[in-house]
>>> print(open('model-v5.cif').read())   # mmCIF, C-alpha atoms
data_coords
loop_
_atom_site.label_atom_id
_atom_site.label_comp_id
_atom_site.auth_asym_id
_atom_site.auth_seq_id
_atom_site.Cartn_x
_atom_site.Cartn_y
_atom_site.Cartn_z
CA MET A 1 4.14 85.66 131.04
CA SER A 2 1.34 85.90 133.59
CA ASP A 3 2.17 89.52 134.34
CA GLY A 4 1.80 90.39 130.67
CA MET A 5 5.33 91.72 130.42
CA GLU A 6 7.84 90.42 127.90
CA ARG A 7 11.28 89.47 129.09
CA ASP A 8 14.49 89.08 127.11
CA VAL A 9 15.65 85.53 126.73
CA VAL A 10 19.29 85.29 127.73
CA ALA A 11 21.24 82.46 126.14
CA PRO A 12 23.30 80.46 128.60
CA ARG A 13 26.95 81.50 128.57
CA ARG A 14 29.13 78.92 126.89
CA ARG A 15 31.95 77.72 129.12
CA PRO A 16 35.49 77.83 127.76
CA VAL A 17 36.77 74.74 126.00
CA THR A 18 39.15 72.89 128.30
CA LEU A 19 42.07 70.58 127.69
CA ARG A 20 39.86 67.74 128.98
CA ASP A 21 37.34 68.48 126.21
CA VAL A 22 40.08 68.20 123.61
CA ALA A 23 41.36 64.96 125.12
CA GLU A 24 37.88 63.38 125.15
CA ASP A 25 37.21 64.46 121.56
CA ALA A 26 40.52 62.98 120.38
CA GLY A 27 40.14 59.82 122.49
CA VAL A 28 43.35 60.31 124.48
CA SER A 29 44.35 61.14 128.05
CA VAL A 30 44.65 64.74 129.25
CA ALA A 31 48.41 64.24 129.65
CA THR A 32 48.78 63.07 126.05
CA ALA A 33 46.69 66.00 124.78
CA SER A 34 48.88 68.44 126.71
CA LYS A 35 52.08 66.97 125.31
CA ALA A 36 50.74 67.04 121.74
CA LEU A 37 49.69 70.68 121.96
CA ASN A 38 53.06 71.68 123.41
CA ASP A 39 55.07 69.66 120.85
CA GLN A 40 56.41 67.38 123.58
CA GLY A 41 56.31 63.68 124.36
CA ARG A 42 56.57 60.60 122.16
CA MET A 43 53.54 59.61 120.09
CA THR A 44 52.66 58.83 116.50
CA ALA A 45 52.31 61.65 114.02
CA GLU A 46 48.69 60.54 113.45
CA THR A 47 47.87 60.92 117.16
CA ARG A 48 49.52 64.33 117.43
CA THR A 49 47.68 65.55 114.33
CA ARG A 50 44.33 64.21 115.59
CA ILE A 51 44.73 66.07 118.89
CA GLN A 52 45.77 69.31 117.21
CA GLU A 53 42.82 69.12 114.82
CA ALA A 54 40.44 68.50 117.72
CA ALA A 55 41.78 71.57 119.52
CA ARG A 56 41.38 73.67 116.39
CA ARG A 57 37.85 72.39 115.71
CA LEU A 58 36.68 73.00 119.28
CA GLY A 59 38.30 76.44 119.49
CA PHE A 60 40.59 75.52 122.37
CA ARG A 61 42.71 78.43 123.64
CA PRO A 62 45.60 77.40 125.90
CA ASN A 63 46.02 79.18 129.20
CA GLY A 64 48.81 81.72 128.71
CA LEU A 65 50.03 81.64 132.31
CA ALA A 66 50.11 77.85 132.35
CA GLN A 67 52.11 77.74 129.13
CA SER A 68 54.52 80.34 130.47
CA LEU A 69 55.18 78.27 133.55
CA LEU A 70 55.52 75.09 131.51
CA ARG A 71 58.03 76.52 129.06
CA ARG A 72 59.59 79.05 131.45
CA ARG A 73 58.76 81.80 128.98
CA SER A 74 56.66 84.94 129.24
CA PHE A 75 55.79 85.03 125.52
CA THR A 76 56.55 88.75 125.55
CA VAL A 77 59.34 90.68 123.83
CA GLY A 78 60.50 94.22 124.48
CA MET A 79 61.14 96.58 121.56
CA LEU A 80 63.26 99.69 122.10
CA THR A 81 63.47 102.55 119.60
CA ASN A 82 64.41 106.21 119.46
CA ASP A 83 62.08 106.83 116.53
CA THR A 84 58.44 105.75 116.81
CA TYR A 85 57.29 107.97 113.92
CA GLY A 86 60.07 107.58 111.36
CA ARG A 87 59.52 106.23 107.90
CA PHE A 88 62.40 103.78 108.44
CA SER A 89 61.59 102.43 111.90
CA LEU A 90 57.86 101.97 111.27
CA PRO A 91 58.23 99.31 108.54
CA VAL A 92 60.98 97.62 110.57
CA MET A 93 58.68 97.48 113.59
CA ALA A 94 55.83 96.21 111.43
CA GLY A 95 57.98 93.28 110.26
CA ILE A 96 59.13 92.51 113.81
CA SER A 97 55.58 92.56 115.12
CA GLU A 98 54.38 90.37 112.26
CA ALA A 99 56.97 87.70 113.04
CA LEU A 100 56.36 87.72 116.79
CA VAL A 101 52.57 88.00 116.87
CA ASP A 102 52.26 85.16 114.34
CA ASN A 103 54.12 83.03 116.89
CA GLY A 104 51.96 83.98 119.85
CA VAL A 105 54.37 86.54 121.29
CA SER A 106 53.24 89.96 122.55
CA VAL A 107 55.37 93.06 121.92
CA PHE A 108 56.04 95.91 124.36
CA LEU A 109 57.17 99.00 122.44
CA CYS A 110 59.11 101.66 124.36
CA ASN A 111 60.47 104.93 122.97
CA VAL A 112 63.80 105.77 124.60
CA GLU A 113 64.22 108.98 122.55
CA ASP A 114 67.90 109.92 123.03
CA ASP A 115 67.73 109.82 126.83
CA PRO A 116 70.00 107.27 128.62
CA ARG A 117 68.01 107.55 131.85
CA LEU A 118 64.70 106.89 130.09
CA GLY A 119 66.29 103.99 128.22
CA GLN A 120 67.48 102.38 131.44
CA LEU A 121 64.05 102.78 133.05
CA HIS A 122 62.41 100.99 130.12
CA VAL A 123 64.98 98.19 130.12
CA ASP A 124 64.57 97.66 133.87
CA ALA A 125 60.79 97.49 133.46
CA MET A 126 61.13 94.94 130.65
CA LEU A 127 63.42 92.75 132.72
CA GLU A 128 61.00 92.93 135.66
CA LYS A 129 58.28 91.66 133.33
CA ARG A 130 60.64 88.80 132.40
CA VAL A 131 60.55 89.46 128.67
CA ASP A 132 61.96 86.61 126.57
CA GLY A 133 64.20 89.01 124.66
CA ILE A 134 64.70 92.56 123.40
CA ILE A 135 64.90 94.04 119.90
CA ALA A 136 66.52 97.45 119.41
CA THR A 137 65.76 99.59 116.38
CA GLY A 138 66.30 103.23 115.50
CA LYS A 139 66.27 106.07 113.03
CA ARG A 140 69.81 105.62 111.67
CA LEU A 141 72.11 102.72 110.89
CA ASP A 142 75.17 104.56 112.19
CA ARG A 143 73.85 105.74 115.55
CA ARG A 144 73.55 103.70 118.75
CA LEU A 145 70.62 103.78 121.11
CA PRO A 146 71.54 105.55 124.38
CA ILE A 147 71.60 102.35 126.43
CA ASP A 148 73.98 99.40 126.84
CA LEU A 149 72.16 96.14 126.04
CA SER A 150 75.21 93.90 126.00
CA LYS A 151 74.88 92.11 129.38
CA LEU A 152 71.21 91.82 130.20
CA GLY A 153 70.90 88.05 130.51
CA VAL A 154 68.26 87.86 127.75
CA PRO A 155 68.72 87.61 123.97
CA VAL A 156 69.11 90.95 122.17
CA ILE A 157 68.77 91.64 118.43
CA TYR A 158 69.55 94.91 116.65
CA ALA A 159 67.56 95.95 113.58
CA PHE A 160 68.40 99.07 111.56
CA THR A 161 70.55 100.61 114.28
CA GLU A 162 74.23 100.42 115.23
CA PRO A 163 74.82 97.32 117.39
CA ASP A 164 77.05 96.66 120.36
CA ALA A 165 80.20 94.65 119.70
CA ASP A 166 79.67 90.90 119.10
CA ALA A 167 75.91 91.39 118.82
CA ILE A 168 73.47 90.04 116.24
CA ALA A 169 72.28 92.79 113.90
CA PHE A 170 70.26 93.20 110.72
CA VAL A 171 70.89 96.15 108.38
CA SER A 172 70.10 96.99 104.78
CA ASP A 173 72.81 96.55 102.16
CA ASP A 174 73.17 100.19 101.15
CA GLU A 175 76.13 99.54 98.86
CA GLY A 176 74.15 96.82 97.09
CA GLY A 177 71.13 99.09 96.75
CA ALA A 178 73.21 101.89 95.22
CA ARG A 179 74.78 99.40 92.85
CA LEU A 180 71.31 98.31 91.66
CA ALA A 181 70.38 101.92 90.92
CA VAL A 182 73.53 102.88 89.00
CA GLU A 183 73.71 99.58 87.09
CA HIS A 184 70.12 100.16 85.99
CA LEU A 185 71.00 103.60 84.62
CA VAL A 186 74.06 102.21 82.81
CA ARG A 187 71.93 99.44 81.33
CA LEU A 188 69.54 102.11 80.03
CA GLY A 189 72.42 103.62 78.06
CA ARG A 190 72.98 106.62 80.34
CA ARG A 191 76.62 107.73 80.25
CA ARG A 192 76.86 110.98 82.24
CA ILE A 193 75.52 109.93 85.62
CA VAL A 194 75.68 112.30 88.60
CA HIS A 195 75.11 111.41 92.27
CA VAL A 196 73.23 113.95 94.43
CA THR A 197 72.97 112.92 98.07
CA GLY A 198 72.73 113.93 101.73
CA PRO A 199 75.14 115.20 104.42
CA ALA A 200 78.67 113.85 104.67
CA ARG A 201 78.20 112.98 108.36
CA PHE A 202 75.99 110.00 107.43
CA ALA A 203 77.82 106.71 106.90
CA VAL A 204 75.32 105.59 104.24
CA VAL A 205 76.24 108.63 102.12
CA HIS A 206 79.80 107.35 101.77
CA GLN A 207 78.76 103.72 101.29
CA ARG A 208 76.40 104.57 98.45
CA ALA A 209 78.90 106.99 96.89
CA ALA A 210 81.57 104.28 96.89
CA ALA A 211 79.22 101.87 95.09
CA TYR A 212 78.28 104.60 92.58
CA ARG A 213 81.95 105.20 91.72
CA ALA A 214 82.69 101.47 91.52
CA VAL A 215 79.88 100.76 89.04
CA LEU A 216 80.90 103.65 86.78
CA ALA A 217 84.54 102.51 86.86
CA GLU A 218 83.49 98.98 85.89
CA ALA A 219 81.51 100.43 82.97
CA GLY A 220 84.46 102.57 81.88
CA LEU A 221 82.60 105.79 82.67
CA ALA A 222 83.82 108.90 84.46
CA ALA A 223 82.40 109.62 87.91
CA PRO A 224 81.73 113.33 88.51
CA ALA A 225 82.23 114.64 92.04
CA VAL A 226 79.45 113.54 94.41
CA MET A 227 77.17 116.44 95.34
CA MET A 228 76.39 116.38 99.08
CA GLY A 229 73.74 118.51 100.72
CA SER A 230 70.64 117.98 102.87
CA TRP A 231 67.98 115.23 102.70
CA THR A 232 65.41 117.68 101.27
CA GLU A 233 63.48 118.52 98.14
CA SER A 234 64.90 122.04 98.23
CA TRP A 235 68.42 120.61 97.94
CA GLY A 236 67.26 118.55 94.97
CA ARG A 237 65.95 121.66 93.19
CA GLU A 238 69.15 123.54 94.02
CA ALA A 239 71.26 120.67 92.67
CA ALA A 240 69.26 120.71 89.41
CA ASP A 241 69.98 124.44 89.08
CA ILE A 242 73.69 123.84 89.59
CA LEU A 243 73.85 120.91 87.17
CA PHE A 244 71.96 122.72 84.42
CA ALA A 245 73.59 126.11 84.67
CA PRO A 246 74.57 127.46 81.21
CA GLN A 247 78.19 126.36 81.43
CA GLY A 248 79.47 122.80 81.69
CA GLU A 249 78.48 119.35 80.40
CA LYS A 250 74.99 118.29 81.38
CA PRO A 251 74.19 114.88 82.90
CA ASP A 252 71.78 112.46 81.26
CA ALA A 253 70.99 110.69 84.57
CA ILE A 254 70.91 111.59 88.27
CA PHE A 255 71.11 109.04 91.08
CA CYS A 256 69.72 110.61 94.26
CA GLY A 257 70.46 109.67 97.86
CA ASN A 258 66.80 109.65 98.86
CA ASP A 259 63.35 110.10 97.34
CA GLN A 260 62.89 113.65 98.62
CA ILE A 261 66.04 114.82 96.86
CA ALA A 262 64.91 112.98 93.73
CA ARG A 263 61.50 114.66 93.70
CA GLY A 264 63.18 118.04 94.14
CA VAL A 265 65.47 117.25 91.19
CA ILE A 266 62.50 116.26 89.02
CA ASP A 267 60.62 119.44 89.95
CA GLY A 268 63.72 121.54 89.19
CA LEU A 269 64.14 119.90 85.80
CA ARG A 270 60.46 120.38 84.95
CA GLU A 271 60.73 124.08 85.80
CA ARG A 272 63.57 124.29 83.27
CA GLY A 273 61.56 122.48 80.59
CA ILE A 274 63.81 119.40 80.71
CA ASP A 275 62.04 116.12 80.00
CA VAL A 276 62.20 113.30 82.58
CA PRO A 277 62.97 110.59 81.58
CA GLY A 278 63.51 111.57 77.95
CA ALA A 279 66.49 113.85 78.45
CA VAL A 280 67.43 112.91 82.03
CA GLY A 281 66.73 109.72 83.99
CA VAL A 282 66.27 110.04 87.76
CA VAL A 283 66.51 107.32 90.42
CA GLY A 284 65.85 107.76 94.14
CA PHE A 285 66.49 105.72 97.29
CA ASP A 286 64.15 104.51 100.11
CA ASN A 287 60.92 103.84 98.15
CA TRP A 288 58.97 106.18 100.42
CA GLU A 289 55.75 105.54 98.55
CA ILE A 290 53.96 108.78 99.46
CA VAL A 291 56.82 110.62 97.73
CA ALA A 292 57.83 108.13 95.03
CA THR A 293 54.36 107.41 93.65
CA GLN A 294 53.25 111.05 93.72
CA SER A 295 56.28 112.34 91.81
CA ARG A 296 55.63 113.33 88.21
CA PRO A 297 56.67 111.05 86.63
CA PRO A 298 56.50 108.37 89.36
CA LEU A 299 59.95 107.65 90.74
CA THR A 300 62.15 104.63 90.14
CA THR A 301 63.81 104.01 93.50
CA VAL A 302 65.62 101.54 95.75
CA ASP A 303 63.54 99.76 98.40
CA MET A 304 65.48 98.64 101.49
CA ASN A 305 62.99 95.84 102.25
CA LEU A 306 62.62 97.05 105.84
CA VAL A 307 59.53 94.96 106.62
CA SER A 308 61.47 91.83 105.63
CA LEU A 309 64.44 93.05 107.66
CA GLY A 310 62.22 93.40 110.73
CA ARG A 311 60.67 89.99 110.14
CA GLU A 312 64.11 88.35 109.94
CA ALA A 313 65.12 90.08 113.18
CA GLY A 314 61.97 88.84 114.91
CA MET A 315 62.38 85.25 113.72
CA THR A 316 66.03 85.23 114.77
CA LEU A 317 65.10 86.41 118.26
CA LEU A 318 62.59 83.56 118.51
CA SER A 319 65.36 81.11 117.55
CA LEU A 320 67.56 82.48 120.33
CA VAL A 321 64.71 82.25 122.83
CA ASP A 322 64.21 78.60 121.84
CA GLY A 323 67.87 77.94 122.61
CA LYS A 324 69.06 77.58 119.02
CA PRO A 325 72.61 78.80 118.32
CA VAL A 326 72.94 81.94 116.19
CA GLU A 327 76.33 83.32 115.13
CA PRO A 328 76.94 86.94 116.18
CA GLY A 329 77.63 89.50 113.49
CA ILE A 330 75.96 91.94 111.14
CA ARG A 331 73.64 90.55 108.46
CA LYS A 332 73.23 92.78 105.42
CA LEU A 333 69.88 92.15 103.76
CA PRO A 334 69.53 92.87 100.02
CA CYS A 335 67.64 95.84 98.65
CA ARG A 336 65.48 95.77 95.51
CA LEU A 337 64.94 98.23 92.69
CA VAL A 338 61.35 99.40 92.16
CA VAL A 339 61.11 100.51 88.52
CA ARG A 340 58.58 103.20 87.71
CA GLN A 341 58.65 105.88 85.00
CA SER A 342 61.38 108.36 85.99
CA CYS A 343 64.26 106.79 84.09
CA GLY A 344 62.75 104.99 81.12
CA ARG A 345 63.13 101.34 80.13
CA PRO A 346 66.16 99.35 78.99
CA PRO A 347 66.62 98.82 75.24
CA ASP A 348 65.36 95.23 75.49
CA GLY A 349 62.38 96.24 77.72
#
>>> encode(input="model-v5.cif", output="C-alpha cells")
Amino acid sequence: MSDGMERDVVAPRRRPVTLRDVAEDAGVSVATASKALNDQGRMTAETRTRIQEAARRLGFRPNGLAQSLLRRRSFTVGMLTNDTYGRFSLPVMAGISEALVDNGVSVFLCNVEDDPRLGQLHVDAMLEKRVDGIIATGKRLDRRLPIDLSKLGVPVIYAFTEPDADAIAFVSDDEGGARLAVEHLVRLGRRRIVHVTGPARFAVVHQRAAAYRAVLAEAGLAAPAVMMGSWTESWGREAADILFAPQGEKPDAIFCGNDQIARGVIDGLRERGIDVPGAVGVVGFDNWEIVATQSRPPLTTVDMNLVSLGREAGMTLLSLVDGKPVEPGIRKLPCRLVVRQSCGRPPDG
C-alpha cells in the first residue's frame, strides 16, 4: 500500500445457494427441482435422485418459511412435561427429540409442573405458534398432567404418562419387565425369591408384584408376601435387616422395585457379611446407570427402554401430522434385562 499500512484482506461473502442453482446444476427447471426436493410431482426416479444429489453437493438449505407455507406445517412440536429433571422423563424426551430433529422438526419444551393454569398458558402459546402437534410426558405412568389435551385440533401423543381416554399413548411394559427379572432368577436356580418394592399407591408396584407372583407360581415356587416401602436405599437396607433377622427362612434372591432399593439391599447384606451374588442374588429395576454401575457388585436390572419409547412416540406423531391413520390406544413397549454381576450366571452361562 502507498501509505505503508497493511490492511486485512476480506474474502467476499458467499451468497446462499438457491433453488435456481440446484436446478441449473441438475439440468432441470426450477419447478421440477422444487417438486423433487419436496417429494412431489411426477418424474423418473433418476431425475429425482439427480436433483437431490445436486442439492446435497451444493449445500442447499430450503427456506423454512417457504416450506411451511407449501406444506401448511410449522415444523415445530410442543412438548409438555411436569418433570424436566427426572431420570424417567429425560431419556423419554431425548428419544422424542431425536426422532423429531432428525426429521427437521423443532421442539418447544414447556414445564407445566402440577399447575393447571400454567399448563393452559403453555398450551395456548403452542397453539398460537401453530405447532404441528403436542407430546405429553411426565414423572409417573399413573398420573395425568394437569391439563386437558383431548380437543385441541392438533395431534397429541402421550409418552410415559397417563393418557386421556381414546388417546394414543406409549408406556413401558412393567409386568413384562418384572417377569424378565424373576424368570432370570429362577433360571439361575434361585428358589426362595423375595420382592422388595415401593409404596402401594403406585400402580407399577402392583403390576410388577402380580408378575412376580405369576412367575413363581408357574415355576411351582412359593411367593412370600411382597415387602412395600419407599423408593430409597434406606428402605433397601431396612428390608435386608428384616429378611436376615435371626429367625425365619432366609431368601436366596431378592427382586427389587427399583435400583435404589437394590443398592440399599446389597449394602445391607454386605454389612452382615453375606455374599452377593454367592449367597443371595439381587436384581433391580430402572437401569439408572449412575446407581446400577456403581453398586458393588454392579447391579443386574431391568431397563425400560425409555429412549426407544420416546423415539416411537415422536415418529408416531410425525405420522399423524402427515395424515396417516393411527389407531388410538395404549402401546406397551418391551423392557430388557441388563445382566451385570449382582445375581450370578445361569448354569449354562
>>> atom_distance(input="model-v5.cif", atom1="atom CA of A:Leu269", atom2="atom CA of A:Asp241")
8.1 Å
>>> atom_distance(input="model-v5.cif", atom1="atom CA of A:Gly78", atom2="atom CA of A:Ile96")
10.9 Å
>>> atom_distance(input="model-v5.cif", atom1="atom CA of A:Asp164", atom2="atom CA of A:Ser106")
24.8 Å
>>> resolve_selection(input="model-v5.cif", expression="the PyMOL selection byres ((chain A and resi 245-251) around 10)", output="VMD selection string")
chain A and resid 190 to 194 224 239 to 244 252 to 254 279 to 281
>>> resolve_selection(input="model-v5.cif", expression="the PyMOL selection byres ((chain A and resi 214-220) around 8)", output="PyMOL selection string")
chain A and resi 179+182-183+186+210-213+221-223
>>> resolve_selection(input="model-v5.cif", expression="the PyMOL selection byres ((chain A and resi 112) around 9)", output="PyMOL selection string")
chain A and resi 80-83+110-111+113-122+145-147
>>> residues_around(input="model-v5.cif", residues="A:Trp235", least_positions_apart="5", cutoff="8 Å", atoms="only C-alpha atoms", output="number ranges by chain")
A: 229-230, 261, 264
>>> residues_around(input="model-v5.cif", residues="stretch 22-39 of chain A", least_positions_apart="5", cutoff="6 Å", atoms="all atoms listed in the file", output="list in words")
Arg48, Ile51, Ala54 and Ala55 of chain A
>>> axis_aligned_box(input="model-v5.cif", around="stretch 101-119 of chain A", padding_each_side="3 Å", output="lines of an AutoDock Vina configuration file")
center_x = 61.0
center_y = 96.5
center_z = 123.1
size_x = 24.0
size_y = 32.9
size_z = 23.5
>>> closest_residue(input="model-v5.cif", among="A:Thr316, A:Ser172, A:Gln207, A:Thr293", to="A:Ile134", atoms="only C-alpha atoms")
A:Thr316
>>> residues_near_point(input="model-v5.cif", point="(76.1, 113.2, 97.4)", cutoff="7 Å", atoms="only C-alpha atoms", output="JSON, numbers by chain")
{"A": [195, 196, 197, 198, 205, 209, 226, 227, 228, 229, 257]}
>>> closest_residue(input="model-v5.cif", among="A:Val92, A:Leu185, A:Leu320, A:Met126", to="A:Thr76", atoms="only C-alpha atoms")
A:Met126
>>> residues_around(input="model-v5.cif", residues="A:Val339", least_positions_apart="6", cutoff="10 Å", atoms="all atoms listed in the file", output="ChimeraX atom specification")
/A:181,184,283,298-302,345
>>> write_last_selection(input="model-v5.cif", atoms="C-alpha atoms", output="PDB file, in the coordinates of the input")
ATOM      1  CA  ALA A 181      70.380 101.920  90.920  1.00  0.00           C
ATOM      2  CA  HIS A 184      70.120 100.160  85.990  1.00  0.00           C
ATOM      3  CA  VAL A 283      66.510 107.320  90.420  1.00  0.00           C
ATOM      4  CA  PRO A 298      56.500 108.370  89.360  1.00  0.00           C
ATOM      5  CA  LEU A 299      59.950 107.650  90.740  1.00  0.00           C
ATOM      6  CA  THR A 300      62.150 104.630  90.140  1.00  0.00           C
ATOM      7  CA  THR A 301      63.810 104.010  93.500  1.00  0.00           C
ATOM      8  CA  VAL A 302      65.620 101.540  95.750  1.00  0.00           C
ATOM      9  CA  ARG A 345      63.130 101.340  80.130  1.00  0.00           C
TER      10      ARG A 345
END
>>> closest_residue(input="model-v5.cif", among="A:Pro16, A:Gly176, A:Pro155, A:Gly273", to="A:Cys335", atoms="all atoms listed in the file")
A:Gly176
>>> closest_residue(input="model-v5.cif", among="A:Glu162, A:Asp132, A:Asp267, A:Asp322", to="A:Arg237", atoms="all atoms listed in the file")
A:Asp267
>>> closest_residue(input="model-v5.cif", among="A:Glu238, A:Glu271, A:Asp174, A:Glu233", to="A:Phe285", atoms="all atoms listed in the file")
A:Asp174
